[in-house]
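K.L.:
data12.cif is reproduced below (mmCIF, C-alpha atoms).
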data_model
#
loop_
_atom_site.label_atom_id
_atom_site.label_comp_id
_atom_site.auth_asym_id
_atom_site.auth_seq_id
_atom_site.Cartn_x
_atom_site.Cartn_y
_atom_site.Cartn_z
CA MET V 1 -12.05 3.72 14.32
CA ALA V 2 -13.51 7.21 14.00
CA ASN V 3 -17.07 7.53 12.74
CA ASP V 4 -17.55 10.52 10.47
CA ALA V 5 -20.92 9.39 9.12
CA ALA V 6 -22.82 12.34 10.58
CA PRO V 7 -25.25 14.46 8.54
CA THR V 8 -23.61 17.22 6.55
CA PRO V 9 -24.53 20.86 7.22
CA ALA V 10 -27.72 22.19 5.65
CA GLY V 11 -27.40 23.08 1.99
CA PHE V 12 -25.88 21.38 -1.01
CA ARG V 13 -23.20 23.26 -2.92
CA PRO V 14 -21.18 21.00 -5.23
CA LEU V 15 -18.03 21.74 -7.19
CA VAL V 16 -16.56 19.63 -10.01
CA VAL V 17 -12.79 19.15 -9.60
CA ILE V 18 -10.74 17.95 -12.58
CA PRO V 19 -7.06 17.10 -12.02
CA VAL V 20 -5.20 17.88 -15.25
CA PHE V 21 -1.71 16.86 -16.35
CA ASP V 22 -0.99 17.33 -20.07
CA HIS V 23 -4.52 16.56 -21.27
CA GLU V 24 -4.77 19.53 -23.60
CA HIS V 25 -6.58 17.58 -26.33
CA ALA V 26 -9.47 16.32 -24.22
CA ILE V 27 -9.97 18.91 -21.52
CA ALA V 28 -12.09 21.37 -23.53
CA THR V 29 -14.67 18.66 -24.26
CA MET V 30 -14.73 17.68 -20.59
CA VAL V 31 -15.19 21.28 -19.45
CA GLU V 32 -18.07 21.78 -21.90
CA GLY V 33 -19.71 18.62 -20.56
CA VAL V 34 -19.32 19.79 -16.97
CA LEU V 35 -20.76 23.23 -17.70
CA ALA V 36 -23.74 21.64 -19.44
CA SER V 37 -24.64 20.20 -16.04
CA GLY V 38 -24.83 23.69 -14.57
CA THR V 39 -22.10 22.94 -12.00
CA PRO V 40 -19.06 25.17 -11.42
CA CYS V 41 -15.68 23.64 -12.18
CA LEU V 42 -12.17 23.84 -10.76
CA LEU V 43 -9.31 22.78 -13.03
CA VAL V 44 -6.24 21.74 -11.06
CA ASP V 45 -3.18 22.09 -13.27
CA ASP V 46 -0.80 19.49 -11.87
CA GLY V 47 2.40 20.95 -13.30
CA SER V 48 1.40 20.55 -16.96
CA GLY V 49 3.63 21.50 -19.85
CA GLU V 50 3.33 24.75 -21.78
CA SER V 51 0.80 23.54 -24.34
CA CYS V 52 -1.67 22.26 -21.75
CA ALA V 53 -1.10 25.28 -19.50
CA ARG V 54 -2.06 27.60 -22.37
CA GLU V 55 -5.22 25.59 -23.03
CA LEU V 56 -6.20 25.77 -19.37
CA ASP V 57 -5.64 29.53 -19.35
CA ARG V 58 -7.83 29.83 -22.47
CA LEU V 59 -10.66 27.76 -20.99
CA THR V 60 -10.57 29.65 -17.71
CA ALA V 61 -10.71 33.04 -19.47
CA LEU V 62 -13.48 31.84 -21.80
CA HIS V 63 -15.73 30.39 -19.10
CA ALA V 64 -14.97 32.58 -16.06
CA PRO V 65 -16.33 32.68 -13.40
CA ARG V 66 -17.94 29.25 -13.87
CA VAL V 67 -14.48 27.74 -14.42
CA ARG V 68 -11.55 28.51 -12.12
CA LEU V 69 -7.92 27.38 -12.35
CA LEU V 70 -5.68 26.22 -9.51
CA ARG V 71 -2.12 25.86 -10.73
CA LEU V 72 0.38 23.62 -8.93
CA PRO V 73 3.94 24.65 -9.88
CA VAL V 74 5.30 21.11 -9.52
CA ASN V 75 3.58 17.84 -10.44
CA GLN V 76 2.02 16.32 -7.31
CA GLY V 77 0.38 13.27 -8.87
CA LYS V 78 -3.34 12.73 -9.37
CA GLY V 79 -3.97 12.36 -5.65
CA GLY V 80 -2.01 15.47 -4.81
CA ALA V 81 -4.02 17.46 -7.37
CA VAL V 82 -7.35 16.21 -6.02
CA LEU V 83 -6.26 16.91 -2.44
CA ALA V 84 -5.42 20.48 -3.46
CA GLY V 85 -8.87 20.69 -5.06
CA PHE V 86 -10.52 19.51 -1.83
CA ARG V 87 -8.83 22.23 0.19
CA ASP V 88 -9.70 24.89 -2.38
CA ALA V 89 -13.33 23.75 -2.41
CA GLY V 90 -13.51 23.82 1.37
CA GLY V 91 -12.05 27.32 1.42
CA HIS V 92 -14.75 28.51 -0.98
CA GLY V 93 -17.64 27.08 1.01
CA TYR V 94 -18.55 24.09 -1.14
CA THR V 95 -20.16 21.10 0.58
CA HIS V 96 -19.34 18.39 -1.98
CA VAL V 97 -16.71 17.68 -4.63
CA LEU V 98 -17.43 15.69 -7.76
CA GLN V 99 -14.14 14.29 -9.06
CA ILE V 100 -13.90 13.42 -12.75
CA ASP V 101 -10.86 12.61 -14.90
CA ALA V 102 -9.56 14.95 -17.60
CA ASP V 103 -8.91 12.39 -20.32
CA GLY V 104 -12.47 11.75 -21.50
CA GLN V 105 -12.95 8.31 -19.93
CA HIS V 106 -16.03 9.40 -18.03
CA ASP V 107 -19.33 10.67 -19.37
CA PRO V 108 -20.07 14.17 -18.01
CA ALA V 109 -23.72 13.65 -19.00
CA ASP V 110 -23.90 11.48 -15.85
CA ILE V 111 -22.95 14.40 -13.58
CA PRO V 112 -26.57 15.42 -12.83
CA ARG V 113 -27.43 11.83 -11.88
CA PHE V 114 -24.44 11.56 -9.53
CA LEU V 115 -25.17 14.92 -7.94
CA ALA V 116 -28.85 14.11 -7.49
CA ASP V 117 -27.89 10.95 -5.63
CA ALA V 118 -25.38 12.85 -3.51
CA GLN V 119 -27.96 15.50 -2.67
CA ALA V 120 -30.43 12.79 -1.62
CA HIS V 121 -27.72 11.14 0.53
CA PRO V 122 -25.42 14.04 1.48
CA ALA V 123 -23.33 12.15 4.06
CA ASP V 124 -22.37 9.36 1.62
CA VAL V 125 -19.73 8.94 -1.08
CA VAL V 126 -21.22 8.27 -4.52
CA CYS V 127 -18.78 6.16 -6.51
CA GLY V 128 -18.90 5.21 -10.17
CA VAL V 129 -18.97 1.57 -11.23
CA PRO V 130 -17.62 1.39 -14.80
CA LEU V 131 -19.66 -0.02 -17.66
CA TYR V 132 -16.94 -0.59 -20.26
CA ASP V 133 -17.25 -0.69 -24.01
CA ALA V 134 -14.91 -2.46 -26.43
CA SER V 135 -12.26 0.28 -26.07
CA VAL V 136 -11.11 -0.92 -22.65
CA PRO V 137 -7.61 -2.49 -22.66
CA LYS V 138 -8.02 -6.07 -21.48
CA GLY V 139 -4.90 -5.87 -19.31
CA ARG V 140 -6.35 -3.00 -17.34
CA LEU V 141 -9.73 -4.67 -17.06
CA TYR V 142 -8.32 -7.88 -15.61
CA GLY V 143 -5.73 -6.11 -13.48
CA ARG V 144 -8.41 -4.12 -11.64
CA TYR V 145 -9.82 -7.28 -10.09
CA LEU V 146 -6.75 -7.85 -7.92
CA THR V 147 -7.28 -4.44 -6.34
CA HIS V 148 -11.01 -5.17 -5.97
CA VAL V 149 -10.20 -8.33 -4.01
CA TRP V 150 -7.77 -6.49 -1.74
CA VAL V 151 -10.33 -3.75 -1.09
CA TRP V 152 -12.97 -6.33 -0.19
CA ILE V 153 -10.47 -7.91 2.23
CA ASN V 154 -9.43 -4.58 3.73
CA THR V 155 -13.01 -3.45 4.29
CA VAL V 156 -14.37 -6.92 5.21
CA SER V 157 -17.20 -5.99 2.88
CA PHE V 158 -18.38 -5.90 -0.73
CA ALA V 159 -19.74 -2.38 -0.19
CA ILE V 160 -17.17 -0.81 -2.54
CA ARG V 161 -17.89 -2.20 -5.98
CA ASP V 162 -15.04 -0.41 -7.77
CA SER V 163 -12.40 1.52 -5.86
CA MET V 164 -10.42 2.68 -8.91
CA CYS V 165 -13.05 4.66 -10.83
CA GLY V 166 -12.13 8.34 -10.74
CA PHE V 167 -15.75 9.51 -11.15
CA ARG V 168 -17.24 10.05 -7.69
CA VAL V 169 -18.83 12.58 -5.33
CA TYR V 170 -17.37 13.23 -1.88
CA PRO V 171 -18.98 14.97 1.10
CA LEU V 172 -16.34 17.53 1.99
CA PRO V 173 -16.49 17.74 5.82
CA PRO V 174 -15.41 14.11 6.50
CA VAL V 175 -12.88 14.22 3.65
CA LEU V 176 -11.22 17.35 5.03
CA ARG V 177 -11.07 15.78 8.49
CA LEU V 178 -9.51 12.65 7.01
CA ILE V 179 -6.78 14.45 5.09
CA ASP V 180 -5.99 16.62 8.12
CA GLU V 181 -5.55 13.55 10.32
CA GLU V 182 -4.00 10.93 8.03
CA THR V 183 -1.53 10.69 5.15
CA ILE V 184 -3.20 9.62 1.89
CA GLY V 185 -1.37 8.42 -1.22
CA ARG V 186 -0.83 11.26 -3.67
CA ARG V 187 -0.49 9.38 -6.93
CA MET V 188 -2.32 6.43 -8.51
CA ASP V 189 -2.87 4.93 -5.06
CA PHE V 190 -5.08 7.85 -4.05
CA ASP V 191 -8.47 6.74 -5.41
CA VAL V 192 -8.33 3.40 -3.61
CA GLU V 193 -6.86 4.57 -0.32
CA VAL V 194 -9.13 7.55 0.27
CA LEU V 195 -12.22 5.41 -0.33
CA VAL V 196 -11.10 2.63 2.03
CA ARG V 197 -10.18 5.08 4.77
CA LEU V 198 -13.49 6.92 4.46
CA PHE V 199 -15.29 3.57 4.68
CA TRP V 200 -13.33 2.74 7.84
CA ARG V 201 -14.63 6.02 9.31
CA GLY V 202 -18.24 4.96 8.80
CA ILE V 203 -18.96 6.68 5.49
CA VAL V 204 -21.45 4.78 3.33
CA VAL V 205 -20.35 4.14 -0.26
CA ARG V 206 -23.10 4.29 -2.85
CA ASN V 207 -22.36 2.61 -6.20
CA LEU V 208 -23.70 4.06 -9.44
CA PRO V 209 -23.05 2.49 -12.85
CA THR V 210 -21.54 4.80 -15.44
CA ARG V 211 -20.28 4.36 -18.98
CA VAL V 212 -16.47 4.42 -19.38
CA THR V 213 -14.52 4.65 -22.63
CA TYR V 214 -10.75 4.83 -23.27
CA PRO V 215 -9.83 7.79 -23.80
CA LEU V 216 -10.17 10.88 -26.00
CA ASP V 217 -6.51 11.88 -25.97
CA GLY V 218 -4.77 8.53 -25.45
CA VAL V 219 -2.69 9.95 -22.57
CA SER V 220 -2.04 7.63 -19.66
CA HIS V 221 0.19 8.59 -16.76
CA PHE V 222 0.16 5.13 -15.18
CA ASP V 223 3.75 3.94 -14.69
CA VAL V 224 3.51 0.15 -14.77
CA TRP V 225 6.51 -0.45 -12.47
CA ARG V 226 6.38 2.48 -10.05
CA ASP V 227 2.61 2.64 -9.70
CA ASN V 228 2.19 -1.10 -9.24
CA VAL V 229 4.86 -1.04 -6.50
CA ARG V 230 3.16 1.97 -4.92
CA ILE V 231 -0.26 0.27 -5.03
CA SER V 232 1.17 -2.94 -3.56
CA ARG V 233 2.65 -1.00 -0.65
CA MET V 234 -0.70 0.75 -0.14
CA HIS V 235 -2.56 -2.58 0.02
CA THR V 236 -0.05 -3.78 2.63
CA ARG V 237 -0.57 -0.66 4.77
CA LEU V 238 -4.32 -0.99 4.47
CA PHE V 239 -4.22 -4.68 5.38
CA PHE V 240 -2.49 -3.99 8.70
CA GLY V 241 -4.89 -1.09 9.26
CA MET V 242 -7.79 -3.47 8.65
CA VAL V 243 -6.42 -5.96 11.19
CA ARG V 244 -6.48 -3.26 13.89
CA ARG V 245 -10.06 -2.37 12.97
CA LEU V 246 -11.30 -5.91 12.37
CA PRO V 247 -13.65 -6.22 15.38
CA ARG V 248 -15.52 -3.05 14.46
CA LEU V 249 -15.61 -3.93 10.78
CA LEU V 250 -17.09 -7.34 11.57
CA VAL V 251 -19.80 -5.71 13.67
CA ARG V 252 -20.59 -3.19 10.98
CA ARG V 253 -20.88 -5.44 7.91
CA THR V 254 -22.32 -2.59 5.82
CA PRO V 255 -24.52 -3.79 2.94
CA VAL V 256 -23.81 -2.72 -0.62
CA ALA V 257 -25.63 0.51 -1.52
CA ILE V 258 -26.70 0.59 -5.16
CA SER V 259 -28.83 3.22 -6.86
#
Before we go any further, please render this structure as structure tokens.
P.N.:
Amino acid sequence: MANDAAPTPAGFRPLVVIPVFDHEHAIATMVEGVLASGTPCLLVDDGSGESCARELDRLTALHAPRVRLLRLPVNQGKGGAVLAGFRDAGGHGYTHVLQIDADGQHDPADIPRFLADAQAHPADVVCGVPLYDASVPKGRLYGRYLTHVWVWINTVSFAIRDSMCGFRVYPLPPVLRLIDEETIGRRMDFDVEVLVRLFWRGIVVRNLPTRVTYPLDGVSHFDVWRDNVRISRMHTRLFFGMVRRLPRLLVRRTPVAIS
């Protein structure tokens, strides 16, 4: 098991990356919230339709150079869009990526708090732990716990409180090494798999509570059949990966990090 938990280079230069696929009704509000934090933003257009593409062009022109647009000609899935954002961020010299969803679930007012924690602990991942209001669909709420249990099994730890929240800050150097060396799920399996594999490499996961609502535009790209099959296959792969790493994971027994 590689250990990538080394200090990051001097300096802290974060970038907010938002994967976007047909979220034209919510994305302007999200961009305004990001810019209020004073952090530059990269919109990754994951093969959106014409209406959303026009809105992204408008926002980029309006807020340039604080907002940039990376356009993927063909839909890659959420994971594929975030991976493209990682590589773009690395190419522009950023040290950290804050990932946040485009649909308005997450509160951009929490961005300064997440970035402050990441700056204080620059080698760690800072991961959101949702605080839901009454808008959360009960099926989604209960369904998340099965994945939580699998993640706890596959890390032999309770260090990752919520592996599905798409509001998190990554240190770029270990992430770029990971995606160069291993294949990561490119769709709804991405958020879980990248976090587990970073944990296996010795990265500490810090858990920050954050308010989550459902959502501004009502758009969900979760395919109940295909994505559940994909996630089940991912848990199987991770389980066998955990078995190979079990001795080291048992020695490590990382405590939960909560801010």
K.L.:
What lies within 8 Å of Leu115 of chain V using all atoms listed in the file, ignoring chain neighbours under 5 positions off, as a VMD selection string?
P.N.:
chain V and resid 14 98 169
K.L.:
One number please: atom CA of Arg58 of chain V to atom CA of Asp46 of chain V, in Å, one decimal.
P.N.:
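Rounded to one decimal, the two atoms are 16.4 Å apart.
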K.L.:
Of the candidates V:His96, V:His121, V:Lys78, V:Arg71, which shows the shortest atom-to-atom distance to Pro171 of chain V, using all atoms listed in the file?
P.N.:
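That would be V:His96, the residue with the smallest distance to Pro171 of chain V.
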K.L.:
So what do you get for atom CA of Asp124 of chain V versus atom CA of Thr147 of chain V, distance-wise?
P.N.:
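Distance reported for this atom pair: 21.9 Å.
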K.L.:
Of the residues V:Ala116, V:Ala109, V:Ala89, V:Ile153, which is the one nearest to Leu250 of chain V, using all atoms listed in the file?
P.N.:
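Smallest separation from Leu250 of chain V among the options: V:Ile153.
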K.L.:
Would you kindly translate the PyMOL selection byres ((chain V and resi 24) around 10) into the concrete residues it picks from this file, as an MDAnalysis selection string?
P.N.:
chainID V and resid 20:23 25:29 48:56 102:103 217 219
K.L.:
Please, what is the axis-aligned box for every listed atom of segment 36-48 of chain V with 5 Å on each side, as centre and edge lengths in Å to one decimal, as AutoDock Vina command-line options?
P.N.:
--center_x -11.2 --center_y 22.3 --center_z -15.1 --size_x 37.2 --size_y 15.7 --size_z 18.7
K.L.:
What's around Gln76 of chain V at 8 Å? Count all atoms listed in the file, leave out sequence neighbours fewer than 4 positions away in its own chain, and write the answer as a PyMOL selection string.
P.N.:
chain V and resi 46-47+72+80-81+186-187
K.L.:
May I ask which of the residues V:Tyr214, V:Tyr145, V:Phe86, V:Tyr170 is the closest one to Gly104 of chain V, counting only C-alpha atoms?
P.N.:
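Of all the options, V:Tyr214 lies closest to Gly104 of chain V.
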K.L.:
Could you name the residues that touch Ile179 of chain V at 10 Å or less, counting only C-alpha atoms, but leaving out those on the same chain fewer than 5 positions away, as a ChimeraX atom specification?
P.N.:
/V:83,86-87,174,184,194,197
K.L.:
Create the file for the chosen residues now, containing C-alpha atoms and written as a short mmCIF file (atom, residue, chain, number, x, y, z; two decimals), in the frame of the given file.
P.N.:
data_model
loop_
_atom_site.label_atom_id
_atom_site.label_comp_id
_atom_site.auth_asym_id
_atom_site.auth_seq_id
_atom_site.Cartn_x
_atom_site.Cartn_y
_atom_site.Cartn_z
CA LEU V 83 -6.26 16.91 -2.44
CA PHE V 86 -10.52 19.51 -1.83
CA ARG V 87 -8.83 22.23 0.19
CA PRO V 174 -15.41 14.11 6.50
CA ILE V 184 -3.20 9.62 1.89
CA VAL V 194 -9.13 7.55 0.27
CA ARG V 197 -10.18 5.08 4.77
#
K.L.:
Determine, counting all atoms listed in the file, which protein, DNA and RNA residues have an atom within 7 Å of an atom of Met164 of chain V; residues of the same chain fewer than 2 positions away are not included. Present the result as a list in words.
P.N.:
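Near Met164 of chain V, the qualifying residues are Asp162, Gly166, Asp191 and Val192 of chain V.
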K.L.:
Determine the residue set returned by the PyMOL selection byres ((chain V and resi 125) around 9) for the present structure, and present it as a PyMOL selection string.
P.N.:
chain V and resi 118+121-124+126-127+168-171+195+198+203-207
K.L.:
Can you turn the PyMOL selection byres ((chain V and resi 36) around 12) into a concrete residue list for this file, as an mmCIF file with C-alpha atoms, in the coordinates of the input?
P.N.:
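Once written, part-v4.cif looks like this:
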data_model
loop_
_atom_site.group_PDB
_atom_site.id
_atom_site.type_symbol
_atom_site.label_atom_id
_atom_site.label_comp_id
_atom_site.auth_asym_id
_atom_site.auth_seq_id
_atom_site.Cartn_x
_atom_site.Cartn_y
_atom_site.Cartn_z
ATOM 1 C CA THR V 29 -14.670 18.660 -24.260
ATOM 2 C CA MET V 30 -14.730 17.680 -20.590
ATOM 3 C CA VAL V 31 -15.190 21.280 -19.450
ATOM 4 C CA GLU V 32 -18.070 21.780 -21.900
ATOM 5 C CA GLY V 33 -19.710 18.620 -20.560
ATOM 6 C CA VAL V 34 -19.320 19.790 -16.970
ATOM 7 C CA LEU V 35 -20.760 23.230 -17.700
ATOM 8 C CA SER V 37 -24.640 20.200 -16.040
ATOM 9 C CA GLY V 38 -24.830 23.690 -14.570
ATOM 10 C CA THR V 39 -22.100 22.940 -12.000
ATOM 11 C CA PRO V 40 -19.060 25.170 -11.420
ATOM 12 C CA CYS V 41 -15.680 23.640 -12.180
ATOM 13 C CA HIS V 63 -15.730 30.390 -19.100
ATOM 14 C CA ARG V 66 -17.940 29.250 -13.870
ATOM 15 C CA ASP V 107 -19.330 10.670 -19.370
ATOM 16 C CA PRO V 108 -20.070 14.170 -18.010
ATOM 17 C CA ALA V 109 -23.720 13.650 -19.000
ATOM 18 C CA ASP V 110 -23.900 11.480 -15.850
ATOM 19 C CA ILE V 111 -22.950 14.400 -13.580
ATOM 20 C CA PRO V 112 -26.570 15.420 -12.830
#
K.L.:
Work out how far apart atom CA of Val74 of chain V and atom CA of Glu193 of chain V are and give it in Å to one decimal.
P.N.:
22.5 Å
K.L.:
For Arg68 of chain V, find every residue with an atom within 7 Å (counting all atoms listed in the file), except residues of its own chain fewer than 5 positions away, and show them as a PyMOL selection string.
P.N.:
chain V and resi 41-43+60
K.L.:
Select, from V:Cys165, V:Met188, V:Leu249, V:Met242, the residue with the minimum atom-to-atom distance to Val212 of chain V, counting all atoms listed in the file.
P.N.:
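Among V:Cys165, V:Met188, V:Leu249, V:Met242, it is V:Cys165 that comes nearest to Val212 of chain V.
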K.L.:
So, with only C-alpha atoms as the atoms that count, which of V:Pro19, V:Gly77, V:Gly85, V:Pro209 lies closest to Val175 of chain V?
P.N.:
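So, comparing all the options, the nearest one is V:Gly85.
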K.L.:
Choose the residue, out of V:Gly185, V:Arg201, V:Val44, V:Val156, that has the smallest atom-to-atom separation from Asp57 of chain V; count only C-alpha atoms.
P.N.:
V:Val44
